[in-house]
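**Q** File input-v1.cif follows (mmCIF, N, CA and C atoms):
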data_upload
loop_
_atom_site.label_atom_id
_atom_site.label_comp_id
_atom_site.auth_asym_id
_atom_site.auth_seq_id
_atom_site.Cartn_x
_atom_site.Cartn_y
_atom_site.Cartn_z
N GLY U 1 81.79 102.85 90.93
CA GLY U 1 81.79 103.16 92.35
C GLY U 1 82.94 102.50 93.07
N GLY U 2 83.37 103.09 94.17
CA GLY U 2 84.43 102.51 94.98
C GLY U 2 85.82 102.65 94.39
N GLY U 3 85.94 103.33 93.24
CA GLY U 3 87.24 103.44 92.59
C GLY U 3 88.24 104.22 93.41
N ALA U 4 87.77 105.22 94.14
CA ALA U 4 88.70 106.07 94.89
C ALA U 4 89.43 105.27 95.96
N LEU U 5 88.72 104.36 96.61
CA LEU U 5 89.35 103.58 97.67
C LEU U 5 90.44 102.68 97.08
N ALA U 6 90.12 102.01 95.98
CA ALA U 6 91.11 101.15 95.34
C ALA U 6 92.32 101.98 94.91
N TRP U 7 92.06 103.16 94.40
CA TRP U 7 93.15 104.03 93.97
C TRP U 7 94.04 104.39 95.15
N SER U 8 93.45 104.70 96.28
CA SER U 8 94.25 105.13 97.43
C SER U 8 95.14 103.98 97.92
N HIS U 9 94.63 102.75 97.85
CA HIS U 9 95.45 101.61 98.25
C HIS U 9 96.64 101.46 97.31
N ARG U 10 96.38 101.53 96.03
CA ARG U 10 97.45 101.28 95.06
C ARG U 10 98.52 102.36 95.09
N HIS U 11 98.12 103.58 95.41
CA HIS U 11 99.04 104.69 95.29
C HIS U 11 99.48 105.27 96.63
N ALA U 12 99.14 104.57 97.70
CA ALA U 12 99.61 105.03 99.01
C ALA U 12 101.14 104.99 99.03
N THR U 13 101.74 106.00 99.60
CA THR U 13 103.19 106.01 99.70
C THR U 13 103.59 105.74 101.14
N ILE U 14 104.81 105.29 101.31
CA ILE U 14 105.32 105.04 102.65
C ILE U 14 105.51 106.39 103.34
N PRO U 15 104.92 106.59 104.51
CA PRO U 15 105.09 107.88 105.20
C PRO U 15 106.56 108.16 105.48
N ALA U 16 106.97 109.39 105.26
CA ALA U 16 108.38 109.76 105.47
C ALA U 16 108.78 109.60 106.93
N ASP U 17 107.82 109.76 107.84
CA ASP U 17 108.13 109.72 109.28
C ASP U 17 107.74 108.37 109.89
N LEU U 18 107.69 107.32 109.06
CA LEU U 18 107.28 106.01 109.55
C LEU U 18 108.19 105.56 110.69
N ASP U 19 107.57 105.14 111.78
CA ASP U 19 108.32 104.72 112.97
C ASP U 19 108.68 103.24 112.81
N LEU U 20 109.97 102.96 112.64
CA LEU U 20 110.44 101.59 112.45
C LEU U 20 111.01 101.00 113.74
N ALA U 21 110.73 101.63 114.87
CA ALA U 21 111.27 101.16 116.15
C ALA U 21 110.84 99.72 116.42
N THR U 22 111.73 98.95 117.04
CA THR U 22 111.40 97.57 117.40
C THR U 22 110.89 97.48 118.83
N THR U 23 110.89 98.60 119.56
CA THR U 23 110.22 98.68 120.87
C THR U 23 109.21 99.80 120.79
N ARG U 24 107.95 99.50 121.12
CA ARG U 24 106.89 100.50 121.02
C ARG U 24 105.98 100.40 122.24
N ALA U 25 105.40 101.54 122.58
CA ALA U 25 104.33 101.53 123.58
C ALA U 25 103.04 101.12 122.88
N SER U 26 102.20 100.39 123.59
CA SER U 26 100.91 100.01 123.03
C SER U 26 100.02 101.24 122.93
N ALA U 27 98.92 101.11 122.19
CA ALA U 27 98.08 102.26 121.83
C ALA U 27 97.61 103.04 123.06
N GLN U 28 97.23 102.32 124.13
CA GLN U 28 96.73 103.01 125.32
C GLN U 28 97.80 103.14 126.40
N GLY U 29 99.02 102.72 126.07
CA GLY U 29 100.11 102.90 127.01
C GLY U 29 100.21 101.87 128.12
N HIS U 30 99.42 100.78 128.03
CA HIS U 30 99.46 99.77 129.09
C HIS U 30 100.73 98.92 129.02
N TYR U 31 101.29 98.77 127.80
CA TYR U 31 102.41 97.85 127.61
C TYR U 31 103.54 98.51 126.83
N ARG U 32 104.76 98.02 127.08
CA ARG U 32 105.90 98.29 126.20
C ARG U 32 106.27 96.96 125.58
N VAL U 33 106.30 96.93 124.26
CA VAL U 33 106.45 95.68 123.53
C VAL U 33 107.68 95.77 122.63
N THR U 34 108.47 94.69 122.62
CA THR U 34 109.67 94.63 121.77
C THR U 34 109.59 93.40 120.89
N ILE U 35 109.88 93.58 119.60
CA ILE U 35 109.98 92.44 118.69
C ILE U 35 111.45 92.13 118.46
N ALA U 36 111.76 90.84 118.41
CA ALA U 36 113.13 90.39 118.16
C ALA U 36 113.08 89.23 117.17
N PRO U 37 113.12 89.56 115.86
CA PRO U 37 113.17 88.47 114.86
C PRO U 37 114.39 87.60 115.11
N HIS U 38 114.25 86.30 114.90
CA HIS U 38 115.32 85.36 115.20
C HIS U 38 116.45 85.44 114.19
N ALA U 39 116.18 85.96 113.00
CA ALA U 39 117.23 86.13 111.99
C ALA U 39 117.76 87.56 112.05
N ALA U 40 119.01 87.74 111.70
CA ALA U 40 119.61 89.07 111.72
C ALA U 40 118.87 90.00 110.76
N THR U 41 118.47 89.45 109.62
CA THR U 41 117.65 90.18 108.65
C THR U 41 116.37 89.40 108.46
N ILE U 42 115.22 90.09 108.49
CA ILE U 42 113.95 89.40 108.31
C ILE U 42 113.91 88.85 106.89
N PRO U 43 113.74 87.54 106.74
CA PRO U 43 113.79 86.95 105.40
C PRO U 43 112.48 87.13 104.64
N LEU U 44 112.59 87.13 103.32
CA LEU U 44 111.41 87.08 102.47
C LEU U 44 111.17 85.62 102.07
N HIS U 45 109.89 85.29 101.85
CA HIS U 45 109.48 83.99 101.30
C HIS U 45 109.79 82.82 102.24
N THR U 46 110.13 83.10 103.49
CA THR U 46 110.51 82.03 104.42
C THR U 46 109.74 82.20 105.72
N ILE U 47 109.12 81.12 106.17
CA ILE U 47 108.44 81.18 107.46
C ILE U 47 109.49 81.23 108.56
N HIS U 48 109.32 82.15 109.49
CA HIS U 48 110.32 82.35 110.53
C HIS U 48 109.64 82.74 111.84
N ALA U 49 110.45 82.90 112.88
CA ALA U 49 109.92 83.14 114.22
C ALA U 49 110.50 84.44 114.80
N TRP U 50 109.73 85.02 115.70
CA TRP U 50 110.17 86.17 116.48
C TRP U 50 110.00 85.84 117.96
N THR U 51 110.74 86.57 118.80
CA THR U 51 110.42 86.60 120.22
C THR U 51 109.78 87.97 120.49
N LEU U 52 108.66 87.93 121.19
CA LEU U 52 107.93 89.14 121.57
C LEU U 52 108.12 89.32 123.06
N HIS U 53 108.56 90.50 123.47
CA HIS U 53 108.75 90.78 124.90
C HIS U 53 107.74 91.85 125.31
N ILE U 54 107.03 91.58 126.40
CA ILE U 54 105.98 92.49 126.86
C ILE U 54 106.26 92.88 128.31
N GLU U 55 106.28 94.19 128.54
CA GLU U 55 106.38 94.73 129.90
C GLU U 55 105.18 95.62 130.15
N ASP U 56 104.85 95.79 131.43
CA ASP U 56 103.80 96.75 131.76
C ASP U 56 104.41 98.15 131.81
N ALA U 57 103.59 99.13 132.09
CA ALA U 57 104.06 100.52 132.04
C ALA U 57 105.17 100.79 133.04
N ALA U 58 105.25 99.96 134.10
CA ALA U 58 106.29 100.14 135.12
C ALA U 58 107.55 99.33 134.80
N GLY U 59 107.54 98.64 133.66
CA GLY U 59 108.72 97.89 133.27
C GLY U 59 108.79 96.46 133.78
N ARG U 60 107.67 95.98 134.37
CA ARG U 60 107.65 94.59 134.85
C ARG U 60 107.21 93.66 133.73
N PRO U 61 107.86 92.49 133.59
CA PRO U 61 107.44 91.54 132.54
C PRO U 61 105.99 91.13 132.73
N VAL U 62 105.26 91.03 131.63
CA VAL U 62 103.87 90.59 131.64
C VAL U 62 103.85 89.11 131.27
N GLU U 63 103.45 88.28 132.23
CA GLU U 63 103.41 86.84 132.00
C GLU U 63 101.98 86.37 131.84
N GLY U 64 101.81 85.29 131.09
CA GLY U 64 100.49 84.69 130.94
C GLY U 64 99.54 85.49 130.08
N ALA U 65 100.05 86.36 129.22
CA ALA U 65 99.17 87.15 128.36
C ALA U 65 98.61 86.30 127.23
N THR U 66 97.47 86.72 126.72
CA THR U 66 96.89 86.12 125.51
C THR U 66 97.12 87.12 124.38
N ILE U 67 97.71 86.64 123.28
CA ILE U 67 98.17 87.54 122.23
C ILE U 67 97.66 87.05 120.89
N ALA U 68 97.06 87.95 120.12
CA ALA U 68 96.65 87.65 118.75
C ALA U 68 97.55 88.43 117.80
N VAL U 69 97.87 87.82 116.66
CA VAL U 69 98.79 88.41 115.70
C VAL U 69 98.05 88.65 114.38
N ASP U 70 98.26 89.83 113.80
CA ASP U 70 97.69 90.12 112.49
C ASP U 70 98.63 91.08 111.79
N GLY U 71 98.28 91.49 110.59
CA GLY U 71 99.13 92.44 109.89
C GLY U 71 98.84 92.43 108.40
N GLY U 72 99.75 93.05 107.65
CA GLY U 72 99.57 93.12 106.21
C GLY U 72 100.36 94.25 105.61
N MET U 73 99.97 94.60 104.38
CA MET U 73 100.66 95.66 103.64
C MET U 73 99.68 96.82 103.40
N PRO U 74 99.86 97.93 104.10
CA PRO U 74 98.94 99.06 103.93
C PRO U 74 98.86 99.55 102.48
N GLN U 75 99.95 99.48 101.75
CA GLN U 75 99.96 100.00 100.38
C GLN U 75 99.23 99.09 99.41
N HIS U 76 99.10 97.83 99.74
CA HIS U 76 98.54 96.86 98.80
C HIS U 76 97.19 96.34 99.26
N GLY U 77 96.82 96.65 100.51
CA GLY U 77 95.50 96.26 100.98
C GLY U 77 95.33 94.77 101.20
N HIS U 78 96.44 94.04 101.38
CA HIS U 78 96.29 92.62 101.69
C HIS U 78 96.95 92.30 103.01
N GLY U 79 96.50 91.19 103.58
CA GLY U 79 96.99 90.79 104.89
C GLY U 79 98.22 89.91 104.79
N LEU U 80 98.56 89.29 105.89
CA LEU U 80 99.69 88.38 105.93
C LEU U 80 99.35 87.11 105.15
N PRO U 81 100.34 86.50 104.49
CA PRO U 81 100.08 85.28 103.72
C PRO U 81 99.95 84.04 104.60
N THR U 82 100.34 84.16 105.86
CA THR U 82 100.23 83.05 106.79
C THR U 82 99.41 83.51 107.99
N ARG U 83 99.15 82.60 108.91
CA ARG U 83 98.43 82.92 110.14
C ARG U 83 99.39 82.77 111.31
N PRO U 84 100.27 83.74 111.50
CA PRO U 84 101.22 83.59 112.62
C PRO U 84 100.49 83.60 113.96
N ARG U 85 101.10 82.92 114.93
CA ARG U 85 100.48 82.89 116.26
C ARG U 85 101.56 82.69 117.32
N VAL U 86 101.17 83.04 118.53
CA VAL U 86 102.05 82.80 119.67
C VAL U 86 101.94 81.33 120.04
N THR U 87 103.07 80.64 119.98
CA THR U 87 103.07 79.19 120.23
C THR U 87 103.69 78.83 121.56
N GLY U 88 104.31 79.79 122.23
CA GLY U 88 104.93 79.45 123.50
C GLY U 88 105.10 80.66 124.40
N ASP U 89 104.89 80.44 125.70
CA ASP U 89 105.17 81.44 126.72
C ASP U 89 106.53 81.07 127.30
N LEU U 90 107.55 81.86 126.99
CA LEU U 90 108.93 81.53 127.36
C LEU U 90 109.27 82.00 128.77
N GLY U 91 108.32 82.69 129.42
CA GLY U 91 108.59 83.21 130.75
C GLY U 91 109.23 84.58 130.70
N HIS U 92 109.22 85.28 131.80
CA HIS U 92 109.84 86.60 131.95
C HIS U 92 109.33 87.60 130.91
N GLY U 93 108.07 87.43 130.49
CA GLY U 93 107.49 88.37 129.54
C GLY U 93 107.85 88.12 128.10
N ASP U 94 108.48 86.97 127.81
CA ASP U 94 108.86 86.62 126.44
C ASP U 94 107.89 85.59 125.88
N TYR U 95 107.53 85.78 124.61
CA TYR U 95 106.59 84.89 123.92
C TYR U 95 107.16 84.53 122.56
N LEU U 96 106.99 83.28 122.17
CA LEU U 96 107.46 82.82 120.87
C LEU U 96 106.35 83.00 119.84
N VAL U 97 106.66 83.73 118.77
CA VAL U 97 105.72 83.95 117.68
C VAL U 97 106.24 83.18 116.48
N GLU U 98 105.44 82.21 116.00
CA GLU U 98 105.86 81.39 114.87
C GLU U 98 104.89 81.56 113.70
N GLY U 99 105.39 81.27 112.50
CA GLY U 99 104.54 81.28 111.31
C GLY U 99 104.53 82.61 110.58
N LEU U 100 105.44 83.53 110.91
CA LEU U 100 105.49 84.79 110.17
C LEU U 100 106.12 84.57 108.80
N LYS U 101 105.54 85.21 107.80
CA LYS U 101 106.11 85.13 106.46
C LYS U 101 105.73 86.39 105.71
N PHE U 102 106.68 86.92 104.97
CA PHE U 102 106.46 88.10 104.14
C PHE U 102 106.86 87.73 102.72
N GLN U 103 105.91 87.86 101.77
CA GLN U 103 106.20 87.32 100.45
C GLN U 103 106.69 88.37 99.45
N MET U 104 106.87 89.61 99.89
CA MET U 104 107.41 90.62 98.99
C MET U 104 108.04 91.74 99.80
N GLY U 105 108.92 92.50 99.16
CA GLY U 105 109.52 93.64 99.83
C GLY U 105 108.52 94.78 99.94
N GLY U 106 108.85 95.75 100.78
CA GLY U 106 107.99 96.92 100.95
C GLY U 106 107.63 97.15 102.40
N TRP U 107 106.54 97.93 102.59
CA TRP U 107 106.09 98.32 103.91
C TRP U 107 105.08 97.30 104.42
N TRP U 108 105.41 96.68 105.55
CA TRP U 108 104.52 95.75 106.23
C TRP U 108 104.20 96.30 107.62
N VAL U 109 103.03 95.92 108.12
CA VAL U 109 102.70 96.18 109.52
C VAL U 109 102.40 94.84 110.18
N VAL U 110 102.79 94.71 111.44
CA VAL U 110 102.43 93.54 112.23
C VAL U 110 101.78 94.06 113.51
N ASP U 111 100.56 93.59 113.75
CA ASP U 111 99.76 94.04 114.89
C ASP U 111 99.66 92.92 115.92
N PHE U 112 99.78 93.31 117.18
CA PHE U 112 99.59 92.37 118.29
C PHE U 112 98.48 92.91 119.19
N ASP U 113 97.46 92.09 119.41
CA ASP U 113 96.42 92.40 120.40
C ASP U 113 96.78 91.63 121.66
N ILE U 114 96.94 92.35 122.76
CA ILE U 114 97.46 91.76 123.99
C ILE U 114 96.41 91.86 125.09
N ALA U 115 96.09 90.71 125.70
CA ALA U 115 95.21 90.69 126.86
C ALA U 115 96.02 90.10 128.01
N GLY U 116 96.40 90.94 128.95
CA GLY U 116 97.17 90.48 130.08
C GLY U 116 96.98 91.41 131.25
N ALA U 117 97.10 90.90 132.45
CA ALA U 117 96.99 91.71 133.66
C ALA U 117 95.69 92.51 133.67
N GLY U 118 94.63 91.91 133.11
CA GLY U 118 93.33 92.55 133.15
C GLY U 118 93.17 93.71 132.19
N ARG U 119 94.13 93.90 131.27
CA ARG U 119 94.05 95.02 130.35
C ARG U 119 94.17 94.51 128.92
N LEU U 120 93.34 95.08 128.04
CA LEU U 120 93.41 94.76 126.62
C LEU U 120 94.01 95.97 125.90
N ASP U 121 95.02 95.73 125.08
CA ASP U 121 95.65 96.83 124.34
C ASP U 121 96.26 96.26 123.08
N ASP U 122 96.66 97.14 122.18
CA ASP U 122 97.23 96.67 120.93
C ASP U 122 98.43 97.53 120.55
N VAL U 123 99.29 96.94 119.74
CA VAL U 123 100.49 97.64 119.30
C VAL U 123 100.76 97.25 117.86
N ARG U 124 101.24 98.23 117.07
CA ARG U 124 101.55 98.00 115.66
C ARG U 124 103.02 98.30 115.41
N PHE U 125 103.69 97.37 114.72
CA PHE U 125 105.06 97.57 114.30
C PHE U 125 105.10 97.74 112.79
N ASN U 126 105.96 98.66 112.34
CA ASN U 126 106.16 98.89 110.92
C ASN U 126 107.49 98.26 110.50
N LEU U 127 107.49 97.62 109.35
CA LEU U 127 108.71 97.01 108.79
C LEU U 127 108.86 97.48 107.35
N ILE U 128 110.09 97.79 106.97
CA ILE U 128 110.40 98.02 105.58
C ILE U 128 111.34 96.89 105.16
N LEU U 129 110.87 96.01 104.30
CA LEU U 129 111.66 94.85 103.89
C LEU U 129 112.20 95.07 102.49
N GLU U 130 113.45 94.69 102.31
CA GLU U 130 114.11 94.84 101.02
C GLU U 130 113.85 93.61 100.15
#
In structure tokens, what does this structure look like?
**A**
Amino acid sequence: GGGALAWSHRHATIPADLDLATTRASAQGHYRVTIAPHAATIPLHTIHAWTLHIEDAAGRPVEGATIAVDGGMPQHGHGLPTRPRVTGDLGHGDYLVEGLKFQMGGWWVVDFDIAGAGRLDDVRFNLILE
């Protein structure tokens, strides 16, 4: 039993139309979110930081938001090897995300749950790492 699910994880392919944009609208459209990794190329096997920028639908920076970070590899069915979190509110809608690490190449997703300005929403970013 349950073999089909395991099979689908192992043999999932990267969607041809995968959106790799670094600026995305959140699921319900409350926020526009941009990721800015601090390195020119996202490193493998190294803990690193990103800056996350959040605007509301009108383009105003969202300050004082509460943000949870999660993610993983859809093709492999495992999560992130670390517990990244927002460690600083840099002002002007910018947040410091520390503790990100990717231990292998391939398709990763990073999810942010955002609670700010009385609205809860989430956004998912897709990464293809070499």
**Q** Check what the PyMOL selection byres (((chain U and resi 89 and name CA) around 12) and name CA) selects in the file above and give those residues as a list in words.
**A**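 Applied to this file, the PyMOL selection byres (((chain U and resi 89 and name CA) around 12) and name CA) returns Thr51, Leu52, His53, Ile54, Pro61, Val62, Glu63, Gly64, Ala65, Thr66, Ile67, Arg85, Val86, Thr87, Gly88, Leu90, Gly91, His92, Gly93, Asp94, Tyr95, Leu96, Val97 and Glu98 of chain U.
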**Q** Nearest to Met73 in chain U: which of U:Gln28, U:Thr22, U:Gln103, U:Thr34 is it, counting only C-alpha atoms?
**A**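 Using only C-alpha atoms, the shortest distance to Met73 in chain U belongs to U:Gln103.
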**Q** Could you please determine the separation between CA of Gly71 in chain U and CA of Val33 in chain U in Å, to one decimal place?
**A** 15.8 Å
**Q** List the residues matched by the PyMOL selection byres ((chain U and resi 23) around 8) in the displayed structure as a list of chain:residue names, ordered by chain and then by residue number.
**A**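 Checked against the file, the PyMOL selection byres ((chain U and resi 23) around 8) matches U:Leu20, U:Ala21, U:Thr22, U:Arg24, U:Ala25, U:Ser26, U:Arg32, U:Val33, U:Thr34, U:Ile35, U:Ala36, U:Phe125.
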**Q** Kindly give the distance, in Å, that separates atom C of Gly59 in chain U and CA of Ile114 in chain U, rounded to a single decimal.
**A**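 Separation between atom C of Gly59 in chain U and CA of Ile114 in chain U: 15.7 Å.
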**Q** Could you check the closest approach to His48 in chain U for each of U:His30, U:Arg83, U:His76, U:Lys101 and tell me which residue wins, using all atoms listed in the file?
**A** U:Lys101
**Q** Might you spell out which residues the PyMOL selection byres ((chain U and resi 82) around 7) would select in the displayed file, as a PyMOL selection string?
**A** chain U and resi 79-81+83-84+99-102
**Q** Can you work out the spacing between atom C of Phe112 in chain U and atom N of Ala16 in chain U in Å, to one decimal?
**A**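 Atom-to-atom, atom C of Phe112 in chain U and atom N of Ala16 in chain U are spaced 23.2 Å apart.
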**Q** Please identify which residues in chain U DSSP calls strand (DSSP E) from the backbone, and express them as a PyMOL selection string.
**A** chain U and resi 23-25+31-37+48-56+66-73+78-79+85-91+94-100+106-116+119-129
**Q** Just want the 7 Å neighbourhood of Asn126 in chain U, counted on only C-alpha atoms, with same-chain residues fewer than 3 positions away dropped. Output as a list in words.
**A** Asp19, Leu20, Trp108, Val109 and Val110 of chain U
**Q** Which residue is closest to Ala58 in chain U? Choose from U:Pro37, U:Trp107, U:Tyr31, U:Ala115 and count only N, CA and C atoms.
**A**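 Comparing U:Pro37, U:Trp107, U:Tyr31, U:Ala115 against Ala58 in chain U, the winner is U:Tyr31.
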